[in-house]
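Colleague: What follows is the file model_0.cif, containing mmCIF, C-alpha atoms:
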```
data_my_file
#
loop_
_atom_site.label_atom_id
_atom_site.label_comp_id
_atom_site.auth_asym_id
_atom_site.auth_seq_id
_atom_site.Cartn_x
_atom_site.Cartn_y
_atom_site.Cartn_z
CA MET A 1267 -15.81 -2.20 27.64
CA LYS A 1268 -16.53 -5.73 26.54
CA LEU A 1269 -20.09 -5.12 25.27
CA LEU A 1270 -18.76 -2.44 22.92
CA GLU A 1271 -15.72 -4.44 21.76
CA ASP A 1272 -17.97 -7.39 20.97
CA ARG A 1273 -20.28 -5.13 18.97
CA ILE A 1274 -17.36 -3.63 17.04
CA ARG A 1275 -16.08 -7.12 16.23
CA GLN A 1276 -19.55 -8.18 15.11
CA ASP A 1277 -20.70 -5.12 13.12
CA GLY A 1278 -17.66 -2.92 12.46
CA GLU A 1279 -16.24 -2.69 8.95
CA VAL A 1280 -12.57 -2.00 8.38
CA LEU A 1281 -12.10 0.21 5.32
CA PRO A 1282 -8.87 1.18 3.51
CA GLY A 1283 -6.87 3.92 5.21
CA ASN A 1284 -7.37 2.63 8.75
CA VAL A 1285 -11.01 3.66 8.80
CA LEU A 1286 -13.43 1.81 11.06
CA LYS A 1287 -17.04 2.16 9.99
CA ILE A 1288 -19.53 1.57 12.79
CA ASN A 1289 -22.52 3.27 11.26
CA SER A 1290 -24.89 0.41 12.08
CA PHE A 1291 -24.92 1.33 15.79
CA LEU A 1292 -23.31 4.76 16.24
CA ASN A 1293 -22.61 6.97 13.22
CA HIS A 1294 -25.80 6.69 11.18
CA GLN A 1295 -28.00 4.05 12.77
CA ILE A 1296 -27.84 4.24 16.57
CA ASP A 1297 -28.48 1.49 19.09
CA PRO A 1298 -30.01 3.45 22.01
CA GLN A 1299 -29.60 0.60 24.51
CA LEU A 1300 -25.89 0.38 23.73
CA MET A 1301 -25.64 4.18 23.94
CA MET A 1302 -27.15 4.06 27.44
CA ALA A 1303 -24.61 1.42 28.49
CA ILE A 1304 -21.85 3.64 27.05
CA GLY A 1305 -23.21 6.71 28.86
CA GLU A 1306 -23.36 4.79 32.13
CA GLU A 1307 -19.79 3.58 31.65
CA PHE A 1308 -18.55 7.16 31.13
CA ALA A 1309 -20.53 8.23 34.19
CA LYS A 1310 -19.01 5.45 36.29
CA ARG A 1311 -15.47 6.38 35.25
CA PHE A 1312 -15.95 10.14 35.79
CA LYS A 1313 -18.35 10.10 38.74
CA ASP A 1314 -15.81 11.57 41.17
CA ALA A 1315 -14.31 14.06 38.69
CA GLY A 1316 -16.63 16.95 39.50
CA VAL A 1317 -18.00 17.24 35.97
CA THR A 1318 -20.39 20.20 35.59
CA LYS A 1319 -21.06 19.94 31.86
CA ILE A 1320 -20.35 17.74 28.85
CA LEU A 1321 -18.98 19.19 25.61
CA THR A 1322 -19.27 17.21 22.39
CA CYS A 1323 -19.46 17.84 18.65
CA GLU A 1324 -22.34 17.29 16.23
CA ALA A 1325 -23.53 14.89 14.98
CA SER A 1326 -22.15 11.53 16.08
CA GLY A 1327 -21.01 12.70 19.50
CA ILE A 1328 -24.52 13.64 20.57
CA ALA A 1329 -25.96 10.20 21.34
CA PRO A 1330 -23.18 8.96 23.67
CA ALA A 1331 -22.82 12.44 25.22
CA VAL A 1332 -26.52 12.77 25.99
CA MET A 1333 -26.58 9.36 27.65
CA ALA A 1334 -23.52 10.25 29.73
CA GLY A 1335 -25.16 13.57 30.62
CA TYR A 1336 -28.29 11.70 31.65
CA ALA A 1337 -26.29 9.33 33.85
CA LEU A 1338 -24.27 12.19 35.41
CA SER A 1339 -27.24 14.62 35.55
CA VAL A 1340 -25.33 17.40 33.81
CA PRO A 1341 -26.16 19.44 30.67
CA VAL A 1342 -24.60 18.61 27.32
CA VAL A 1343 -23.39 21.23 24.83
CA PHE A 1344 -22.73 20.17 21.27
CA ALA A 1345 -20.37 22.28 19.17
CA ARG A 1346 -21.94 23.23 15.85
CA LYS A 1347 -20.11 22.81 12.55
CA LYS A 1348 -22.02 25.71 11.04
CA LYS A 1349 -23.26 28.77 12.86
CA PRO A 1350 -27.07 28.45 12.85
CA SER A 1351 -29.00 31.38 11.38
CA THR A 1352 -30.69 31.91 14.76
CA LEU A 1353 -27.35 32.17 16.54
CA ASN A 1354 -26.61 35.89 16.72
CA ASP A 1355 -24.84 35.88 20.07
CA ALA A 1356 -21.12 35.72 20.72
CA VAL A 1357 -19.49 32.38 19.96
CA TYR A 1358 -16.14 30.70 20.44
CA TRP A 1359 -14.63 29.37 17.21
CA ALA A 1360 -12.00 26.69 16.70
CA ASP A 1361 -10.44 25.01 13.67
CA VAL A 1362 -10.71 21.27 13.21
CA PHE A 1363 -8.55 19.64 10.54
CA SER A 1364 -10.00 16.52 8.96
CA TYR A 1365 -7.37 13.95 7.97
CA THR A 1366 -9.97 11.97 6.04
CA LYS A 1367 -11.06 14.93 3.90
CA LYS A 1368 -7.84 17.01 4.08
CA VAL A 1369 -9.74 20.19 4.90
CA THR A 1370 -10.00 22.47 7.90
CA ASN A 1371 -13.50 22.97 9.23
CA LYS A 1372 -14.68 25.18 12.03
CA ILE A 1373 -16.71 24.44 15.12
CA CYS A 1374 -18.47 26.99 17.28
CA VAL A 1375 -20.04 27.13 20.72
CA GLU A 1376 -22.13 29.98 22.04
CA GLU A 1377 -20.16 31.75 24.76
CA LYS A 1378 -22.93 31.78 27.33
CA PHE A 1379 -22.99 27.99 27.59
CA LEU A 1380 -19.39 27.61 28.82
CA LYS A 1381 -18.24 29.38 31.98
CA SER A 1382 -14.93 29.76 33.75
CA ASP A 1383 -16.28 27.70 36.67
CA ASP A 1384 -17.30 24.82 34.42
CA ASN A 1385 -15.40 21.56 34.64
CA LEU A 1386 -15.92 19.87 31.30
CA LEU A 1387 -16.04 16.27 30.25
CA ILE A 1388 -15.28 16.27 26.52
CA ILE A 1389 -16.92 13.34 24.73
CA ASP A 1390 -16.59 12.20 21.15
CA ASP A 1391 -17.31 9.12 19.10
CA PHE A 1392 -13.77 8.60 17.74
CA LEU A 1393 -10.29 9.64 18.79
CA ALA A 1394 -7.88 9.21 15.88
CA HIS A 1395 -5.39 12.05 15.28
CA GLY A 1396 -7.21 14.04 17.93
CA GLU A 1397 -8.17 17.03 15.80
CA ALA A 1398 -11.80 17.26 16.98
CA VAL A 1399 -10.76 16.89 20.61
CA LYS A 1400 -8.09 19.57 20.16
CA GLY A 1401 -10.75 21.88 18.72
CA MET A 1402 -13.02 21.30 21.71
CA ILE A 1403 -10.12 21.85 24.14
CA ASN A 1404 -9.40 25.11 22.30
CA VAL A 1405 -13.02 26.18 22.84
CA ALA A 1406 -12.85 25.18 26.53
CA ASN A 1407 -9.63 27.20 26.94
CA GLN A 1408 -11.21 30.28 25.37
CA ALA A 1409 -14.05 29.98 27.89
CA GLY A 1410 -11.62 29.50 30.77
CA SER A 1411 -13.35 26.23 31.66
CA SER A 1412 -11.32 23.46 33.23
CA ILE A 1413 -11.28 19.98 31.72
CA ALA A 1414 -12.15 16.98 33.85
CA GLY A 1415 -11.16 14.62 31.08
CA ILE A 1416 -11.73 13.24 27.62
CA GLY A 1417 -14.08 10.35 27.03
CA VAL A 1418 -14.19 8.67 23.65
CA VAL A 1419 -16.18 5.69 22.49
CA VAL A 1420 -13.43 4.36 20.22
CA ALA A 1421 -9.74 5.32 20.24
CA LYS A 1422 -7.44 4.33 17.40
CA ALA A 1423 -4.46 4.22 19.73
CA PHE A 1424 -1.94 4.11 16.87
CA GLN A 1425 -2.96 7.43 15.27
CA GLY A 1426 -1.49 9.84 17.76
CA GLY A 1427 -4.54 11.40 19.37
CA SER A 1428 -4.42 9.26 22.50
CA GLN A 1429 -0.72 10.03 22.96
CA TRP A 1430 -1.34 13.76 22.47
CA VAL A 1431 -4.07 13.79 25.14
CA THR A 1432 -2.00 12.01 27.77
CA ASP A 1433 1.10 14.08 26.85
CA HIS A 1434 -0.95 17.13 27.78
CA ASP A 1435 -1.73 15.72 31.23
CA LEU A 1436 -5.38 15.21 30.40
CA ARG A 1437 -7.25 12.18 31.63
CA LEU A 1438 -8.38 9.94 28.78
CA GLU A 1439 -11.01 7.24 29.03
CA SER A 1440 -11.61 5.32 25.81
CA LEU A 1441 -14.18 2.54 25.95
CA ALA A 1442 -12.61 0.61 23.08
CA ASN A 1443 -8.91 0.90 22.31
CA ILE A 1444 -7.85 -0.25 18.90
CA ASP A 1445 -4.25 -1.30 18.44
CA ASN A 1446 -4.26 -2.06 14.71
CA PHE A 1447 -6.31 -3.31 11.76
CA ASP A 1448 -3.82 -5.95 10.61
CA ASP A 1449 -5.29 -8.30 8.00
CA GLY A 1450 -8.40 -6.09 7.83
CA LYS A 1451 -9.48 -7.14 11.31
CA VAL A 1452 -9.97 -5.11 14.48
CA HIS A 1453 -7.31 -5.84 17.11
CA PHE A 1454 -7.80 -4.21 20.48
CA VAL A 1455 -4.94 -3.06 22.72
CA GLY A 1456 -3.88 -5.78 25.13
CA GLU A 1457 -5.26 -8.66 23.11
CA MET B 900 -46.63 18.11 27.74
CA LYS B 901 -46.64 20.52 30.63
CA LEU B 902 -42.99 20.06 31.66
CA LEU B 903 -41.91 21.05 28.14
CA GLU B 904 -44.33 23.97 27.82
CA ASP B 905 -43.12 25.34 31.15
CA ARG B 906 -39.52 25.07 29.99
CA ILE B 907 -40.29 26.83 26.70
CA ARG B 908 -42.04 29.63 28.61
CA GLN B 909 -39.07 29.92 30.96
CA ASP B 910 -36.12 29.60 28.56
CA GLY B 911 -37.44 30.05 25.01
CA GLU B 912 -36.62 33.22 23.11
CA VAL B 913 -38.97 34.55 20.46
CA LEU B 914 -37.00 36.07 17.57
CA PRO B 915 -38.28 38.10 14.61
CA GLY B 916 -39.83 36.03 11.80
CA ASN B 917 -41.73 33.66 14.12
CA VAL B 918 -38.56 31.91 15.21
CA LEU B 919 -38.47 30.21 18.61
CA LYS B 920 -34.95 29.71 19.93
CA ILE B 921 -34.66 26.93 22.49
CA ASN B 922 -30.95 26.35 22.25
CA SER B 923 -30.45 26.31 26.03
CA PHE B 924 -32.09 22.87 26.34
CA LEU B 925 -32.46 21.35 22.86
CA ASN B 926 -30.68 22.90 19.87
CA HIS B 927 -27.20 23.61 21.21
CA GLN B 928 -27.17 22.92 24.93
CA ILE B 929 -29.24 19.83 25.76
CA ASP B 930 -30.98 18.96 29.01
CA PRO B 931 -30.67 15.14 29.06
CA GLN B 932 -33.25 14.69 31.85
CA LEU B 933 -35.82 16.64 29.84
CA MET B 934 -34.86 14.66 26.73
CA MET B 935 -35.56 11.42 28.60
CA ALA B 936 -38.98 12.74 29.68
CA ILE B 937 -39.65 13.69 26.04
CA GLY B 938 -38.53 10.27 24.81
CA GLU B 939 -40.76 8.54 27.34
CA GLU B 940 -43.71 10.70 26.30
CA PHE B 941 -43.22 9.75 22.64
CA ALA B 942 -42.93 6.11 23.68
CA LYS B 943 -46.15 6.30 25.70
CA ARG B 944 -48.06 7.84 22.81
CA PHE B 945 -46.73 5.38 20.19
CA LYS B 946 -46.41 2.23 22.32
CA ASP B 947 -49.21 0.40 20.47
CA ALA B 948 -48.26 1.65 16.99
CA GLY B 949 -45.91 -1.21 16.13
CA VAL B 950 -42.88 1.03 15.62
CA THR B 951 -39.82 -0.93 14.40
CA LYS B 952 -37.43 1.98 13.92
CA ILE B 953 -37.14 5.73 14.45
CA LEU B 954 -36.03 8.06 11.65
CA THR B 955 -34.77 11.53 12.49
CA CYS B 956 -32.44 14.15 11.02
CA GLU B 957 -29.09 15.41 12.32
CA ALA B 958 -28.28 17.21 14.50
CA SER B 959 -31.06 18.47 16.78
CA GLY B 960 -33.38 15.53 16.20
CA ILE B 961 -30.87 13.04 17.59
CA ALA B 962 -31.28 13.65 21.33
CA PRO B 963 -35.08 13.31 21.51
CA ALA B 964 -35.04 10.47 18.97
CA VAL B 965 -32.43 8.45 20.87
CA MET B 966 -34.38 8.80 24.10
CA ALA B 967 -37.58 7.71 22.35
CA GLY B 968 -35.67 4.80 20.82
CA TYR B 969 -34.37 3.86 24.24
CA ALA B 970 -37.88 3.93 25.72
CA LEU B 971 -39.34 1.93 22.81
CA SER B 972 -36.28 -0.37 22.46
CA VAL B 973 -35.94 0.27 18.73
CA PRO B 974 -32.97 1.51 16.65
CA VAL B 975 -32.71 5.13 15.54
CA VAL B 976 -31.49 6.22 12.11
CA PHE B 977 -30.48 9.82 11.61
CA ALA B 978 -30.52 11.24 8.10
CA ARG B 979 -27.23 12.93 7.22
CA LYS B 980 -27.09 16.37 5.67
CA LYS B 981 -23.82 15.51 3.94
CA LYS B 982 -22.77 12.14 2.65
CA PRO B 983 -19.89 11.05 4.90
CA SER B 984 -16.64 10.14 3.16
CA THR B 985 -16.92 6.62 4.57
CA LEU B 986 -20.39 6.14 3.10
CA ASN B 987 -19.84 4.41 -0.21
CA ASP B 988 -22.98 2.30 -0.22
CA ALA B 989 -26.30 3.09 -1.87
CA VAL B 990 -28.29 5.88 -0.26
CA TYR B 991 -31.74 7.42 -0.53
CA TRP B 992 -31.65 11.18 -1.16
CA ALA B 993 -34.34 13.79 -0.53
CA ASP B 994 -34.51 17.57 -0.86
CA VAL B 995 -35.30 19.72 2.16
CA PHE B 996 -36.12 23.37 1.58
CA SER B 997 -35.16 25.71 4.41
CA TYR B 998 -37.56 28.67 4.79
CA THR B 999 -35.16 30.36 7.21
CA LYS B 1000 -32.19 30.23 4.82
CA LYS B 1001 -34.10 30.11 1.51
CA VAL B 1002 -32.01 27.25 0.19
CA THR B 1003 -32.64 23.62 -0.67
CA ASN B 1004 -30.45 21.14 1.15
CA LYS B 1005 -30.28 17.42 0.77
CA ILE B 1006 -30.55 14.62 3.31
CA CYS B 1007 -29.46 11.05 2.79
CA VAL B 1008 -30.00 7.69 4.46
CA GLU B 1009 -28.11 4.52 3.64
CA GLU B 1010 -30.49 2.12 1.94
CA LYS B 1011 -29.66 -0.89 4.10
CA PHE B 1012 -31.02 0.77 7.25
CA LEU B 1013 -34.61 1.17 6.01
CA LYS B 1014 -36.59 -1.87 4.89
CA SER B 1015 -39.99 -2.40 3.33
CA ASP B 1016 -41.14 -4.16 6.51
CA ASP B 1017 -40.10 -1.24 8.73
CA ASN B 1018 -42.81 0.81 10.41
CA LEU B 1019 -41.18 4.16 11.10
CA LEU B 1020 -41.72 6.75 13.77
CA ILE B 1021 -40.37 10.00 12.31
CA ILE B 1022 -39.11 12.34 15.04
CA ASP B 1023 -37.86 15.89 14.76
CA ASP B 1024 -37.23 18.85 17.03
CA PHE B 1025 -39.46 21.37 15.20
CA LEU B 1026 -42.41 21.15 12.85
CA ALA B 1027 -42.90 24.50 11.09
CA HIS B 1028 -43.59 24.39 7.34
CA GLY B 1029 -42.89 20.68 7.45
CA GLU B 1030 -40.04 20.56 4.95
CA ALA B 1031 -37.75 18.32 7.01
CA VAL B 1032 -40.60 15.93 7.79
CA LYS B 1033 -41.58 15.82 4.09
CA GLY B 1034 -37.96 14.96 3.23
CA MET B 1035 -37.94 12.10 5.74
CA ILE B 1036 -41.32 10.84 4.45
CA ASN B 1037 -39.85 10.94 0.93
CA VAL B 1038 -36.94 8.77 2.13
CA ALA B 1039 -39.33 6.37 3.89
CA ASN B 1040 -41.42 6.09 0.69
CA GLN B 1041 -38.32 5.29 -1.39
CA ALA B 1042 -37.53 2.49 1.05
CA GLY B 1043 -41.12 1.21 0.97
CA SER B 1044 -41.30 1.55 4.75
CA SER B 1045 -44.63 2.35 6.36
CA ILE B 1046 -45.01 5.30 8.69
CA ALA B 1047 -46.44 4.78 12.17
CA GLY B 1048 -46.55 8.51 12.75
CA ILE B 1049 -44.73 11.78 13.19
CA GLY B 1050 -43.53 12.92 16.60
CA VAL B 1051 -42.22 16.45 17.04
CA VAL B 1052 -41.03 18.19 20.15
CA VAL B 1053 -42.43 21.59 19.13
CA ALA B 1054 -45.01 22.32 16.43
CA LYS B 1055 -45.64 25.84 15.21
CA ALA B 1056 -49.25 25.02 14.39
CA PHE B 1057 -49.75 28.19 12.35
CA GLN B 1058 -47.03 27.49 9.77
CA GLY B 1059 -48.70 24.77 7.74
CA GLY B 1060 -46.62 21.70 8.55
CA SER B 1061 -49.08 20.29 11.10
CA GLN B 1062 -51.97 20.76 8.67
CA TRP B 1063 -50.00 19.09 5.86
CA VAL B 1064 -49.25 16.03 8.03
CA THR B 1065 -52.85 15.50 9.12
CA ASP B 1066 -54.12 16.23 5.57
CA HIS B 1067 -51.98 13.28 4.45
CA ASP B 1068 -53.65 10.95 6.97
CA LEU B 1069 -50.52 10.66 9.06
CA ARG B 1070 -50.68 10.56 12.81
CA LEU B 1071 -49.05 13.60 14.39
CA GLU B 1072 -47.99 13.88 18.03
CA SER B 1073 -46.49 17.22 18.98
CA LEU B 1074 -45.46 17.63 22.59
CA ALA B 1075 -45.80 21.42 22.52
CA ASN B 1076 -48.21 23.12 20.12
CA ILE B 1077 -47.62 26.79 19.53
CA ASP B 1078 -50.58 28.87 18.36
CA ASN B 1079 -48.82 32.22 17.93
CA PHE B 1080 -46.08 34.54 19.17
CA ASP B 1081 -48.30 37.60 19.68
CA ASP B 1082 -46.56 40.39 21.59
CA GLY B 1083 -43.30 38.40 21.40
CA LYS B 1084 -44.61 35.76 23.81
CA VAL B 1085 -45.23 32.05 23.31
CA HIS B 1086 -48.93 31.18 23.25
CA PHE B 1087 -49.80 27.49 23.13
CA VAL B 1088 -52.84 26.07 21.33
CA GLY B 1089 -55.84 25.85 23.65
CA GLU B 1090 -54.65 28.43 26.13
#
```
Take the structure in the file and give it back as C-alpha cells.

Modeller:
Amino acid sequence: MKLLEDRIRQDGEVLPGNVLKINSFLNHQIDPQLMMAIGEEFAKRFKDAGVTKILTCEASGIAPAVMAGYALSVPVVFARKKKPSTLNDAVYWADVFSYTKKVTNKICVEEKFLKSDDNLLIIDDFLAHGEAVKGMINVANQAGSSIAGIGVVVAKAFQGGSQWVTDHDLRLESLANIDNFDDGKVHFVGE
Amino acid sequence: MKLLEDRIRQDGEVLPGNVLKINSFLNHQIDPQLMMAIGEEFAKRFKDAGVTKILTCEASGIAPAVMAGYALSVPVVFARKKKPSTLNDAVYWADVFSYTKKVTNKICVEEKFLKSDDNLLIIDDFLAHGEAVKGMINVANQAGSSIAGIGVVVAKAFQGGSQWVTDHDLRLESLANIDNFDDGKVHFVGE
C-alpha cells in the first residue's frame, strides 16, 4: 500500500533491535484519515472472504480494526490485556510472549463475543515474530470460530511471523512488508 | 443522542455499584457504525471550536476518538497507561485514580505530540468521577495546550465528574447523560 509505505519512509524511526517506531501516526498519535484508508484497503482485500467479525488486540490494533470493521460493516472485538473489573463472565485466555520485553502476557476475550459460526478477520498493527497473532488464533480456536485471514498494517517479513502464518495455511495480507533495516533505513520487500 | 440512548437501553447492563457495562458495542466489542455516528456527533458539536487535536486514553477511548478525529480531520493522541519499551523520549505523566479498583494508575503522553498552540478536544468513553478526564487535563496543562472542550460518550451525571468539568469553565458535551440507575434500569437526564 503505497500511501502507507510513503508514510513509514517519511515518519518511521528505526531503533536498535530491528524495532520500527511509527508512533506519530499509529501507536501513540493516530492519523484517522490514514487509518480509514488502511481500513478500506483491508476491506477491499477481504470483501469476498465472508468475514463476520474482526478480532484485534488493545491498544494499537483498535484504530485500524475499527476502520476495517466500518468498511466491512462487521463488529470488532478487541482482546483485553487485563481482565476488566466489570468482566465477570466466562472468558477465553491465551498467552502472548513479548520478544521486546521477554515476558509472557495474557490476553482475554469474553466467550459470548466469539461463536463457532463466526469467520474472523484477525487484525493487528505489527506482525513480527507472530506472538500476538498466535494468541488471537488460540482464542479463535477455543471459540471454534473459523479464520478468514490475518491482516496486519506492517509485517517485518524477516522475523518469522509471516512465514508461520502462511505455513499454517492462513491467508495473510500485510499492507507494508519490510524486508530489512539495513543501514538504519526501511527497505520494503520487492524494492 | 437518541441512537446511543436506544442502544444503551437495549444492550447496556446495570451492575452493582452504579456500573454500566456496555461492552457489547464500546468497551470490548465495538460497533464501528455506531462509533462513526458518535464521531460525527462530536464533530458537529465542536466544529466551530477550533480543535487542532484530540486527546484520549487507551483503550476504550480510541474508537470514538478516532471517528471524531476522522470527522474533524485532526490527529488523535491516546495517552498510554504504561510507557512502551520503544518510548525513550520525554513524556508528560499524570495520576489517574480508579474508584472501581481503588488504585492510582499513571498515564503518559510523549511531549512532542502536544504543543502550546494545540487546542485539544478531550474525548473519553465514560465520565463518572472524572478522574481520567482530570488526568488528561493535567497532561494538557503541562504541555501548555488549550482545551476546546470535553466530549464523552456516556456521562453518569450523578457521580461528580460532569459538575467538576463545568465548575472549571470547561465545555462538556456528553452524548448520553445518565441521571440514575433506580430499580436497576438506566434513566437518562430529562426523562

Colleague: Find the residues near segment 986-1003 of chain B: any atom within 9 Å, counting all atoms listed in the file, skip ones fewer than 4 places away on the same chain, and give them as a list in words.

Modeller: Lys1287, Asn1289, Ser1351 and Thr1352 of chain A; Gly916, Val918, Lys982, Cys1007, Val1008, Glu1009, Glu1010, Lys1011, His1028, Glu1030, Ala1031, Val1032, Lys1033, Gly1034, Met1035, Asn1037, Val1038, Ala1039, Gln1041 and Ala1042 of chain B

Colleague: Could you work out which residues of chain A fall inside 6 Å of chain B? Count all atoms listed in the file, and format the result as an NGL selection string.

Modeller: :A and (1294-1299 or 1325 or 1332 or 1335-1336 or 1341-1344)

Colleague: For the PyMOL selection byres ((chain A and resi 1393) around 7), applied here, can you spell out every residue it catches as an mmCIF file with C-alpha atoms, in the coordinates of the input?

Modeller:
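The resulting expr-v2.cif:
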```cif
data_model
loop_
_atom_site.group_PDB
_atom_site.id
_atom_site.type_symbol
_atom_site.label_atom_id
_atom_site.label_comp_id
_atom_site.auth_asym_id
_atom_site.auth_seq_id
_atom_site.Cartn_x
_atom_site.Cartn_y
_atom_site.Cartn_z
ATOM 1 C CA PHE A 1392 -13.770 8.600 17.740
ATOM 2 C CA ALA A 1394 -7.880 9.210 15.880
ATOM 3 C CA HIS A 1395 -5.390 12.050 15.280
ATOM 4 C CA GLY A 1396 -7.210 14.040 17.930
ATOM 5 C CA VAL A 1418 -14.190 8.670 23.650
ATOM 6 C CA VAL A 1420 -13.430 4.360 20.220
ATOM 7 C CA ALA A 1421 -9.740 5.320 20.240
ATOM 8 C CA LYS A 1422 -7.440 4.330 17.400
ATOM 9 C CA GLY A 1427 -4.540 11.400 19.370
ATOM 10 C CA SER A 1428 -4.420 9.260 22.500
#
```

Colleague: Measure the distance from atom CA of Glu1439 of chain A to atom CA of Gly1426 of chain A in Å and round it to one decimal.

Modeller: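 Here the two named atoms are 15.0 Å from each other.
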
Colleague: Please give the centre and size of the box around segment 1298-1306 of chain A (axis-aligned, containing every atom listed in the file, 6 Å added per side), with values in Å to one decimal and written as AutoDock Vina command-line options.

Modeller:
```
--center_x -25.9 --center_y 3.5 --center_z 27.1 --size_x 20.2 --size_y 18.3 --size_z 22.1
```

Colleague: Env of Leu1438 of chain A: 12 Å cut, atoms = all atoms listed in the file, seq-sep filter 5 positions within chain, self excluded. Answer as a list in words.

Modeller: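 In the requested format, the answer is Phe1308, Arg1311, Phe1312, Leu1387, Ile1388, Ile1389, Asp1390, Leu1393, Gly1396, Val1399, Ile1413, Ala1414, Gly1415, Ile1416, Gly1417, Val1418, Val1419, Val1420, Ala1421, Ala1423, Gly1427, Ser1428, Gln1429, Trp1430, Val1431, Thr1432, Asp1433 and Asn1443 of chain A.
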
Colleague: Produce a file of the selected residues containing C-alpha atoms, as a CSV table (one decimal), in the coordinates of the input.

Modeller:
```csv
chain,number,residue,atom,x,y,z
A,1308,PHE,CA,-18.6,7.2,31.1
A,1311,ARG,CA,-15.5,6.4,35.2
A,1312,PHE,CA,-16.0,10.1,35.8
A,1387,LEU,CA,-16.0,16.3,30.2
A,1388,ILE,CA,-15.3,16.3,26.5
A,1389,ILE,CA,-16.9,13.3,24.7
A,1390,ASP,CA,-16.6,12.2,21.2
A,1393,LEU,CA,-10.3,9.6,18.8
A,1396,GLY,CA,-7.2,14.0,17.9
A,1399,VAL,CA,-10.8,16.9,20.6
A,1413,ILE,CA,-11.3,20.0,31.7
A,1414,ALA,CA,-12.2,17.0,33.8
A,1415,GLY,CA,-11.2,14.6,31.1
A,1416,ILE,CA,-11.7,13.2,27.6
A,1417,GLY,CA,-14.1,10.4,27.0
A,1418,VAL,CA,-14.2,8.7,23.6
A,1419,VAL,CA,-16.2,5.7,22.5
A,1420,VAL,CA,-13.4,4.4,20.2
A,1421,ALA,CA,-9.7,5.3,20.2
A,1423,ALA,CA,-4.5,4.2,19.7
A,1427,GLY,CA,-4.5,11.4,19.4
A,1428,SER,CA,-4.4,9.3,22.5
A,1429,GLN,CA,-0.7,10.0,23.0
A,1430,TRP,CA,-1.3,13.8,22.5
A,1431,VAL,CA,-4.1,13.8,25.1
A,1432,THR,CA,-2.0,12.0,27.8
A,1433,ASP,CA,1.1,14.1,26.8
A,1443,ASN,CA,-8.9,0.9,22.3
```

Colleague: Mind giving me the straight-line distance from atom CA of Val1088 of chain B to atom CA of Phe1057 of chain B in Å, one decimal?

Modeller: 9.7 Å

Colleague: Please write as a list in words the full residue list that the PyMOL selection byres ((chain B and resi 1090) around 12) yields on this file.

Modeller: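 When the PyMOL selection byres ((chain B and resi 1090) around 12) is applied to the shown file, the picked residues are Glu904, Ala1075, Asn1076, Ile1077, Asp1078, Asn1079, Val1085, His1086, Phe1087, Val1088 and Gly1089 of chain B.
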
Colleague: Could you tell me which of B:Ile921, B:Asp1024, B:Ala948, B:Lys981 comes closest to Arg906 of chain B if we count only C-alpha atoms?

Modeller: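 Closest candidate: B:Ile921.
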